[in-house]
Amino acid sequence: MSAIEFKGVSRRWGDVTALHPCDLRVEPGTFAVLLGPSGCGKSTTLRLIAGLDSPSEGAIFINDRDVTTAPPVLRDVAMVFQNYALFPHLTVADNILFGLQVRKTPRAEQEERLAKVLVIVGLEQLSARKPSQLSGGQQQRVALARAIIAQKTVCLMDEPLSNLDAKLRQEMRAELRDLQQRLKLTVVYVTHDQTEAMSMADQVILMNQGRIEQATTPRDMYAQPQTTFAAKFIGTPSMSLLDVNNPALAASAAFAAKPANAATLGVRPEDISISRERGGAPGALEASVVSVEYLGADSILRCNIGDASLHARVLGQARWDANTPVFIDWPVSANHWFDANGRRVIV
Amino acid sequence: MDPGLRRDDAKPMNHQRQAHAYLMLLPALALLVAFTHYPAVATFIDSFMSTPKGSKPPSFVGLENYRIMVEDPIFWQAFRNNLWFALATIPLSVGLALAMALWVNARLSGQAFLRMAYFTPTVLPMIAVANIWLFFYTPTYGLLEQIGGVFGLPSHNWLGDKSTALGAITMVAIWKEAGFFMIFYLAALQGINPSLREAAAIEGAGRWFFFRRVLWPLLMPTTIFVLVNAVINAFRMVDHVVVMTRGGPDNATSLLLFHLYEVGFRYWDTGYAAAITVVLLGVLASVALAQFFLMDRKAHY
């Protein structure tokens with residue numbers, strides 16, 4: 001059984017295709033993140049799950065029930081909107097209770113559930129306030145409470161943390177993850193922030209130009225990117241992609257293992273070792289440091305090998321200066337090979 | 001810098017700046033005083049004076065003009081007519097405006113055209129509008145007659161019959177006002193965050209629940225504004241009456257402002273006209289104040 005399943009679902013508006021036909025599975029009780037640059041179709045996907053939009057073709061299942069044409073209310077989903085979508089004229093309590101009032105839940109039960117949810121999100125003292133009297137973080141919690149009180153099995157979140165400042169965002173990440181685990185919710189979470197995706201998700205669904213590039217665990221996504229897009233998108237700084245036909249790179253020991261159909265070689269910055277002497281690495285490449293970005297714990301060096309350029313991550317304490325000639329090496333196991341179409345070559 | 005020193009330094013400068021400020025205000029202030037404040041005060045004073053006749057200057061007569069008003073049956077008829085006119089035009093035009101705005105707002109295509117179509121009555125000159133409707137209501141060859149004739153209905157003189165004249169004028173006012181008010185409602189509706197509707201849809205709120213619980217309260221500031229304008233317009237109506245009926249037949253369509261116009265500029269009884277003006281202004285001011293203070297508390301801004 002899966003909580004959410006897409007079978008050949010697509011969405012088109014005239015000539016514009018927001019989502020190409022795709023299959024998708026989200027297991028119950030897991031935290032799935034739809035990740036991608038803006039305009040990649042992640043919000044469209046979320047709205048299709050919510051029922052705020054309907055697919056051009058294909059079928060959508062929630063808890064194994066076909067909901068392709070069902071209105072939002074019959075889909076057993078709750079949603080947190082990017083701008084929170086709080087009703088500005090209603091108090092915090094009334095905002096949270098909106099859905100229960102629609103469904104005419106008995107008064108006593110409403111009060112009981114409200115009290116519980118207020119404790120969960122920590123808004124006990126603020127239930128009589130209007131949204132305009134709350135901070136961004138508190139408004140976010142009201143939106144969250146409104147989603148939780150519905151006791152739906154699936155909770156959809158559309159970039160819920162994007163309007164918060166960096167510190168609060170980091171706190172809320174941990175809190176959201178904790179909440180999801182405690183309430184055993186199935187969460188589908190939209191974001192363009194890869195850090196958010198990697199730190200919270202059980203499953204990252206990476207999207208690009210209306211297609212699902214890769215759907216897997218964060219660890220697998222990082223270790224085995226299936227496309228050059230996935231390789232570039234995940235990781236800061238991103239994986240360096242080198243053209244295998246560049247003569248400047250031919251001397252590298254890493255190239256000895258090149259598969260026949262490989263067109264691009266990817267190397268993560270942290271896999272690169274860098275030294276001032278050739279030392280005991282006969283396959284090391286001669287390079288020069290072009291720029292140094294000091295980040296504290298580590299530094300990011302941009303190095304040129306001939307006309308190829310790559311990033312290397314080194315300890316922050318080590319001193320490197322621009323224009324220093326260096327030797328660059330990396331183990332064969334750190335190679336990521338991609339073919340001419342940008343797809344991973346399995347070695 | 002020492003603040004005390006600075007203030008002393010700035011003092012002559014301050015006078016100059018104040019003079020500047022008053023000079024800038026002068027044009028607007030002069031117009032306001034000349035055409036609003038002075039006439040209002042003068043009218044109030046005139047309402048306690050007799051009407052000057054020939055060489056006889058006005059003299060203080062106390063409440064005499066008001067006594068005449070209380071005993072004037074035409075004043076009371078105009079007052080009653082105006083109340084009915086207001087009672088019909090205000091709720092109907094505001095309700096119609098809201099309904100049209102909700103309808104146009106829900107429509108994605110052709111919105112600009114619909115908006116313009118509904119707004120047209122407002123931009124047309126009042127006199128032209130009244131003439132068009134005059135043709136609609138004309139007996140024997142008017143539009144209503146021609147349509148009625150097709151269905152074999154008997155001929156009727158809408159503006160000439162005491163029982164339908166006021167209703168006919170009311171219709172024109174509603175038609176004209178509704179388009180104007182719709183623009184305000186439409187602007188307010190488009191200012192409402194569309195994800196509120198989606199949030200409500202996720203919770204399963206029906207159209208009526210969403211309207212009652214979310215849209216109507218959020219539209220309250222607009223409703224107050226529109227209501228105040230509707231009340232003022234209802235007691236300010238005069239041009240349609242002048243063009244279409246001249247208050248007739250038998251004062252059946254005489255409204256307060258029309259009666260005031262007749263008294264003031266046809267019979268030149270300026271003292272009595274001033275008294276009617278004071279009453280009219282009093283009614284309008286108290287209604288507007290009551291609306292703002294009573295409904296403001298219920299409104300969310």
# chains A, B, ... in the order shown; residues from 1 in each chain; ligands from 1
$ residues_around --residues "range 122-135 of chain B" --least-positions-apart "3" --cutoff "8 Å" --atoms "only C-alpha atoms" --output "list of chain:residue names"
B:Phe119, B:Thr138, B:Gly142, B:Leu143, B:Val172, B:Lys176, B:Glu177, B:Gly179, B:Phe180, B:Asp239, B:His240, B:Val243, B:Met244
$ interface_residues --of "chain B" --to "chain A" --cutoff "9 Å" --atoms "only C-alpha atoms" --output "number ranges by chain"
B: 193-206, 209, 214, 217-218, 299-301
$ select_by_dssp --residues "range 239-326 of chain A" --states "strand (DSSP E)" --output "PyMOL selection string"
chain A and resi 240-243+262-267+273-275+285-294+298-305+308-315+325-326
$ residues_around --residues "Ala287 in chain A" --least-positions-apart "4" --cutoff "7 Å" --atoms "only C-alpha atoms" --output "list in words"
Cys303, Asn304, Ile305, Pro325, Val326, Phe327 and Ile328 of chain A
$ select_by_dssp --residues "range 62-134 of chain A" --states "alpha helix (DSSP H)" --output "VMD selection string"
chain A and resid 92 to 102 107 to 121
$ write_last_selection --atoms "C-alpha atoms" --output "short mmCIF file (atom, residue, chain, number, x, y, z; two decimals), in the first residue's frame"
data_model
loop_
_atom_site.label_atom_id
_atom_site.label_comp_id
_atom_site.auth_asym_id
_atom_site.auth_seq_id
_atom_site.Cartn_x
_atom_site.Cartn_y
_atom_site.Cartn_z
CA VAL A 92 -5.99 32.05 15.92
CA ALA A 93 -8.53 29.67 17.49
CA ASP A 94 -11.12 30.28 14.76
CA ASN A 95 -8.51 29.89 12.04
CA ILE A 96 -7.49 26.52 13.43
CA LEU A 97 -11.10 25.43 13.95
CA PHE A 98 -12.24 26.55 10.47
CA GLY A 99 -12.35 23.02 9.05
CA LEU A 100 -14.09 21.54 12.09
CA GLN A 101 -16.71 24.31 11.89
CA VAL A 102 -17.28 23.49 8.23
CA ARG A 107 -18.51 22.05 20.19
CA ALA A 108 -16.98 20.03 23.03
CA GLU A 109 -14.85 17.98 20.65
CA GLN A 110 -13.72 21.15 18.87
CA GLU A 111 -12.51 22.64 22.17
CA GLU A 112 -10.75 19.44 23.14
CA ARG A 113 -8.91 19.06 19.85
CA LEU A 114 -8.05 22.77 19.76
CA ALA A 115 -6.50 22.59 23.23
CA LYS A 116 -4.36 19.61 22.20
CA VAL A 117 -3.18 21.15 18.95
CA LEU A 118 -2.36 24.50 20.61
CA VAL A 119 -0.04 22.63 22.95
CA ILE A 120 1.61 20.77 20.08
CA VAL A 121 2.46 23.98 18.21
#
$ residues_around --residues "Val289 in chain A" --least-positions-apart "5" --cutoff "6 Å" --atoms "only C-alpha atoms" --output "list in words"
Arg302, Cys303, Ala322, Asn323 and Thr324 of chain A
$ residues_around --residues "Val347 in chain A" --least-positions-apart "5" --cutoff "10 Å" --atoms "only C-alpha atoms" --output "PyMOL selection string"
chain A and resi 257-259+335-337
$ atom_distance --atom1 "CA of Ile147 in chain B" --atom2 "CA of Ala168 in chain B"
16.3 Å
$ atom_distance --atom1 "CA of Ala254 in chain A" --atom2 "CA of Glu293 in chain A"
26.0 Å
$ residues_around --residues "range 170-186 of chain A" --least-positions-apart "3" --cutoff "9 Å" --atoms "only C-alpha atoms" --output "number ranges by chain"
A: 3-4, 26-32, 120, 137, 148, 152-156, 161, 165-167, 196, 199-201
$ write_last_selection --atoms "N, CA, C and O atoms" --output "short mmCIF file (atom, residue, chain, number, x, y, z; two decimals), in the first residue's frame"
data_model
loop_
_atom_site.label_atom_id
_atom_site.label_comp_id
_atom_site.auth_asym_id
_atom_site.auth_seq_id
_atom_site.Cartn_x
_atom_site.Cartn_y
_atom_site.Cartn_z
N ALA A 3 0.73 5.65 0.28
CA ALA A 3 -0.14 6.75 0.68
C ALA A 3 -0.57 7.55 -0.55
O ALA A 3 -1.72 7.95 -0.68
N ILE A 4 0.39 7.79 -1.45
CA ILE A 4 0.09 8.57 -2.66
C ILE A 4 0.72 7.86 -3.84
O ILE A 4 1.86 7.40 -3.77
N VAL A 26 4.58 7.52 -2.81
CA VAL A 26 5.00 7.98 -1.49
C VAL A 26 4.45 6.99 -0.48
O VAL A 26 3.24 6.72 -0.46
N GLU A 27 5.35 6.42 0.33
CA GLU A 27 4.91 5.39 1.29
C GLU A 27 4.28 6.05 2.50
O GLU A 27 4.64 7.16 2.88
N PRO A 28 3.33 5.36 3.16
CA PRO A 28 2.66 5.95 4.31
C PRO A 28 3.64 6.24 5.44
O PRO A 28 4.59 5.47 5.66
N GLY A 29 3.43 7.34 6.14
CA GLY A 29 4.26 7.68 7.29
C GLY A 29 5.63 8.19 6.91
O GLY A 29 6.49 8.31 7.78
N THR A 30 5.85 8.52 5.64
CA THR A 30 7.17 9.02 5.27
C THR A 30 7.12 10.50 4.92
O THR A 30 6.05 11.05 4.67
N PHE A 31 8.29 11.10 4.94
CA PHE A 31 8.44 12.52 4.63
C PHE A 31 9.03 12.60 3.23
O PHE A 31 10.19 12.28 3.02
N ALA A 32 8.21 12.98 2.26
CA ALA A 32 8.69 13.08 0.89
C ALA A 32 8.85 14.55 0.53
O ALA A 32 7.99 15.37 0.85
N ILE A 120 0.63 21.34 21.02
CA ILE A 120 1.61 20.77 20.08
C ILE A 120 2.41 21.87 19.38
O ILE A 120 3.63 21.78 19.26
N GLY A 137 6.86 33.47 12.29
CA GLY A 137 7.00 32.11 12.81
C GLY A 137 5.72 31.64 13.48
O GLY A 137 5.32 30.48 13.35
N ILE A 148 -2.91 20.16 11.19
CA ILE A 148 -2.84 19.01 12.11
C ILE A 148 -4.21 18.64 12.67
O ILE A 148 -4.56 17.48 12.77
N LYS A 152 -5.92 14.43 9.19
CA LYS A 152 -5.85 13.74 7.91
C LYS A 152 -4.55 12.92 7.90
O LYS A 152 -3.61 13.24 8.62
N THR A 153 -4.50 11.89 7.07
CA THR A 153 -3.29 11.06 7.05
C THR A 153 -2.19 11.70 6.22
O THR A 153 -1.01 11.44 6.43
N VAL A 154 -2.59 12.53 5.24
CA VAL A 154 -1.60 13.15 4.36
C VAL A 154 -1.57 14.65 4.61
O VAL A 154 -2.61 15.29 4.67
N CYS A 155 -0.36 15.19 4.76
CA CYS A 155 -0.23 16.63 4.95
C CYS A 155 0.66 17.19 3.86
O CYS A 155 1.79 16.74 3.67
N LEU A 156 0.14 18.16 3.10
CA LEU A 156 0.89 18.75 2.00
C LEU A 156 1.43 20.10 2.43
O LEU A 156 0.71 20.89 3.05
N LEU A 161 8.44 27.16 4.82
CA LEU A 161 9.43 27.89 5.62
C LEU A 161 10.09 29.03 4.84
O LEU A 161 10.94 29.72 5.37
N ASP A 165 13.02 33.75 8.62
CA ASP A 165 14.44 34.06 8.55
C ASP A 165 15.25 32.79 8.78
O ASP A 165 14.75 31.77 9.25
N ALA A 166 16.54 32.86 8.43
CA ALA A 166 17.37 31.65 8.35
C ALA A 166 17.39 30.85 9.65
O ALA A 166 17.27 29.63 9.64
N LYS A 167 17.50 31.55 10.78
CA LYS A 167 17.64 30.85 12.05
C LYS A 167 16.36 30.10 12.40
O LYS A 167 16.37 28.94 12.79
N GLU A 196 17.07 21.91 2.95
CA GLU A 196 15.82 21.50 3.57
C GLU A 196 15.47 20.07 3.16
O GLU A 196 15.15 19.23 3.99
N SER A 199 17.91 17.42 4.69
CA SER A 199 17.87 17.25 6.15
C SER A 199 16.55 16.68 6.65
O SER A 199 16.48 16.15 7.75
N MET A 200 15.49 16.81 5.90
CA MET A 200 14.19 16.39 6.43
C MET A 200 13.65 15.11 5.80
O MET A 200 12.88 14.38 6.41
N ALA A 201 14.04 14.85 4.56
CA ALA A 201 13.28 13.87 3.78
C ALA A 201 13.64 12.42 4.07
O ALA A 201 14.78 12.10 4.43
#
$ residues_around --residues "range 253-264 of chain B" --least-positions-apart "5" --cutoff "10 Å" --atoms "only C-alpha atoms" --output "PyMOL selection string"
chain B and resi 74-85+159+162-170+234-242+244-248+269-277+279-280
$ write_last_selection --atoms "N, CA and C atoms" --output "compact mmCIF listing (two decimals), in the first residue's frame"
# COMPACT_ATOMS: atom_id res chain seq x y z
N ILE B 74 -46.44 69.06 0.94
CA ILE B 74 -45.58 68.61 -0.16
C ILE B 74 -44.20 68.20 0.38
N PHE B 75 -43.74 68.94 1.42
CA PHE B 75 -42.47 68.55 2.04
C PHE B 75 -42.57 67.13 2.58
N TRP B 76 -43.67 66.84 3.27
CA TRP B 76 -43.82 65.50 3.84
C TRP B 76 -43.95 64.43 2.77
N GLN B 77 -44.64 64.80 1.69
CA GLN B 77 -44.74 63.82 0.60
C GLN B 77 -43.35 63.55 0.00
N ALA B 78 -42.58 64.62 -0.22
CA ALA B 78 -41.24 64.45 -0.76
C ALA B 78 -40.39 63.62 0.20
N PHE B 79 -40.56 63.87 1.50
CA PHE B 79 -39.81 63.14 2.51
C PHE B 79 -40.16 61.65 2.45
N ARG B 80 -41.48 61.35 2.39
CA ARG B 80 -41.93 59.95 2.30
C ARG B 80 -41.41 59.31 1.02
N ASN B 81 -41.56 60.02 -0.11
CA ASN B 81 -41.07 59.50 -1.39
C ASN B 81 -39.59 59.15 -1.29
N ASN B 82 -38.85 60.09 -0.67
CA ASN B 82 -37.41 59.91 -0.59
C ASN B 82 -37.06 58.69 0.27
N LEU B 83 -37.83 58.49 1.36
CA LEU B 83 -37.59 57.32 2.22
C LEU B 83 -37.81 56.03 1.43
N TRP B 84 -38.94 55.97 0.70
CA TRP B 84 -39.20 54.77 -0.12
C TRP B 84 -38.12 54.58 -1.17
N PHE B 85 -37.74 55.69 -1.79
CA PHE B 85 -36.72 55.66 -2.82
C PHE B 85 -35.41 55.10 -2.24
N LEU B 159 -44.44 56.55 -16.40
CA LEU B 159 -44.07 57.77 -15.68
C LEU B 159 -45.27 58.68 -15.42
N LYS B 162 -49.47 57.72 -11.16
CA LYS B 162 -49.01 58.01 -9.80
C LYS B 162 -48.47 56.77 -9.09
N SER B 163 -49.03 55.60 -9.43
CA SER B 163 -48.65 54.40 -8.68
C SER B 163 -47.35 53.76 -9.20
N THR B 164 -46.94 54.11 -10.44
CA THR B 164 -45.72 53.48 -10.96
C THR B 164 -44.58 54.45 -11.20
N ALA B 165 -44.84 55.77 -11.11
CA ALA B 165 -43.81 56.76 -11.48
C ALA B 165 -42.58 56.65 -10.59
N LEU B 166 -42.82 56.59 -9.26
CA LEU B 166 -41.67 56.53 -8.34
C LEU B 166 -40.88 55.24 -8.56
N GLY B 167 -41.60 54.14 -8.79
CA GLY B 167 -40.93 52.86 -9.04
C GLY B 167 -40.07 52.92 -10.29
N ALA B 168 -40.59 53.60 -11.32
CA ALA B 168 -39.85 53.70 -12.58
C ALA B 168 -38.55 54.47 -12.38
N ILE B 169 -38.63 55.54 -11.59
CA ILE B 169 -37.43 56.35 -11.32
C ILE B 169 -36.44 55.55 -10.46
N THR B 170 -36.97 54.77 -9.53
CA THR B 170 -36.13 53.95 -8.66
C THR B 170 -35.32 52.95 -9.49
N ALA B 234 -28.91 58.58 -2.50
CA ALA B 234 -30.37 58.46 -2.48
C ALA B 234 -31.02 59.79 -2.11
N PHE B 235 -30.35 60.56 -1.22
CA PHE B 235 -30.93 61.84 -0.80
C PHE B 235 -30.44 63.00 -1.66
N ARG B 236 -29.58 62.68 -2.64
CA ARG B 236 -29.03 63.71 -3.49
C ARG B 236 -29.65 63.66 -4.88
N MET B 237 -30.51 62.65 -5.10
CA MET B 237 -31.05 62.43 -6.44
C MET B 237 -31.92 63.61 -6.86
N VAL B 238 -31.60 64.22 -8.01
CA VAL B 238 -32.45 65.29 -8.51
C VAL B 238 -32.49 65.32 -10.04
N ASP B 239 -31.36 65.00 -10.69
CA ASP B 239 -31.31 65.19 -12.14
C ASP B 239 -32.29 64.31 -12.91
N HIS B 240 -32.43 63.02 -12.50
CA HIS B 240 -33.39 62.16 -13.19
C HIS B 240 -34.80 62.68 -13.04
N VAL B 241 -35.10 63.19 -11.83
CA VAL B 241 -36.45 63.70 -11.57
C VAL B 241 -36.73 64.90 -12.48
N VAL B 242 -35.73 65.77 -12.59
CA VAL B 242 -35.92 66.97 -13.42
C VAL B 242 -36.18 66.57 -14.87
N MET B 244 -37.05 63.50 -16.17
CA MET B 244 -38.08 62.52 -16.49
C MET B 244 -39.48 62.91 -16.07
N THR B 245 -39.65 63.54 -14.89
CA THR B 245 -41.03 63.77 -14.41
C THR B 245 -41.28 65.17 -13.84
N ARG B 246 -40.24 65.91 -13.51
CA ARG B 246 -40.38 67.20 -12.82
C ARG B 246 -41.24 67.05 -11.56
N GLY B 247 -41.01 65.94 -10.88
CA GLY B 247 -41.70 65.74 -9.60
C GLY B 247 -43.11 65.19 -9.72
N GLY B 248 -43.67 65.22 -10.93
CA GLY B 248 -45.05 64.80 -11.11
C GLY B 248 -45.18 63.31 -11.28
N ASP B 269 -38.25 81.22 -2.48
CA ASP B 269 -38.49 81.35 -1.03
C ASP B 269 -37.21 80.89 -0.34
N THR B 270 -36.18 81.74 -0.33
CA THR B 270 -34.85 81.32 0.11
C THR B 270 -34.79 80.96 1.59
N GLY B 271 -35.55 81.62 2.40
CA GLY B 271 -35.54 81.33 3.83
C GLY B 271 -36.01 79.91 4.10
N TYR B 272 -37.16 79.55 3.50
CA TYR B 272 -37.72 78.21 3.67
C TYR B 272 -36.77 77.18 3.06
N ALA B 273 -36.20 77.51 1.86
CA ALA B 273 -35.27 76.58 1.20
C ALA B 273 -34.06 76.30 2.10
N ALA B 274 -33.58 77.34 2.80
CA ALA B 274 -32.45 77.17 3.70
C ALA B 274 -32.82 76.20 4.83
N ALA B 275 -34.03 76.31 5.32
CA ALA B 275 -34.47 75.42 6.41
C ALA B 275 -34.49 73.97 5.92
N ILE B 276 -35.01 73.74 4.68
CA ILE B 276 -35.04 72.38 4.14
C ILE B 276 -33.61 71.86 3.98
N THR B 277 -32.72 72.74 3.51
CA THR B 277 -31.31 72.34 3.34
C THR B 277 -30.71 71.87 4.65
N VAL B 279 -32.22 70.66 7.23
CA VAL B 279 -32.77 69.35 7.59
C VAL B 279 -32.11 68.24 6.75
N LEU B 280 -31.97 68.47 5.46
CA LEU B 280 -31.38 67.47 4.58
C LEU B 280 -29.95 67.16 4.99
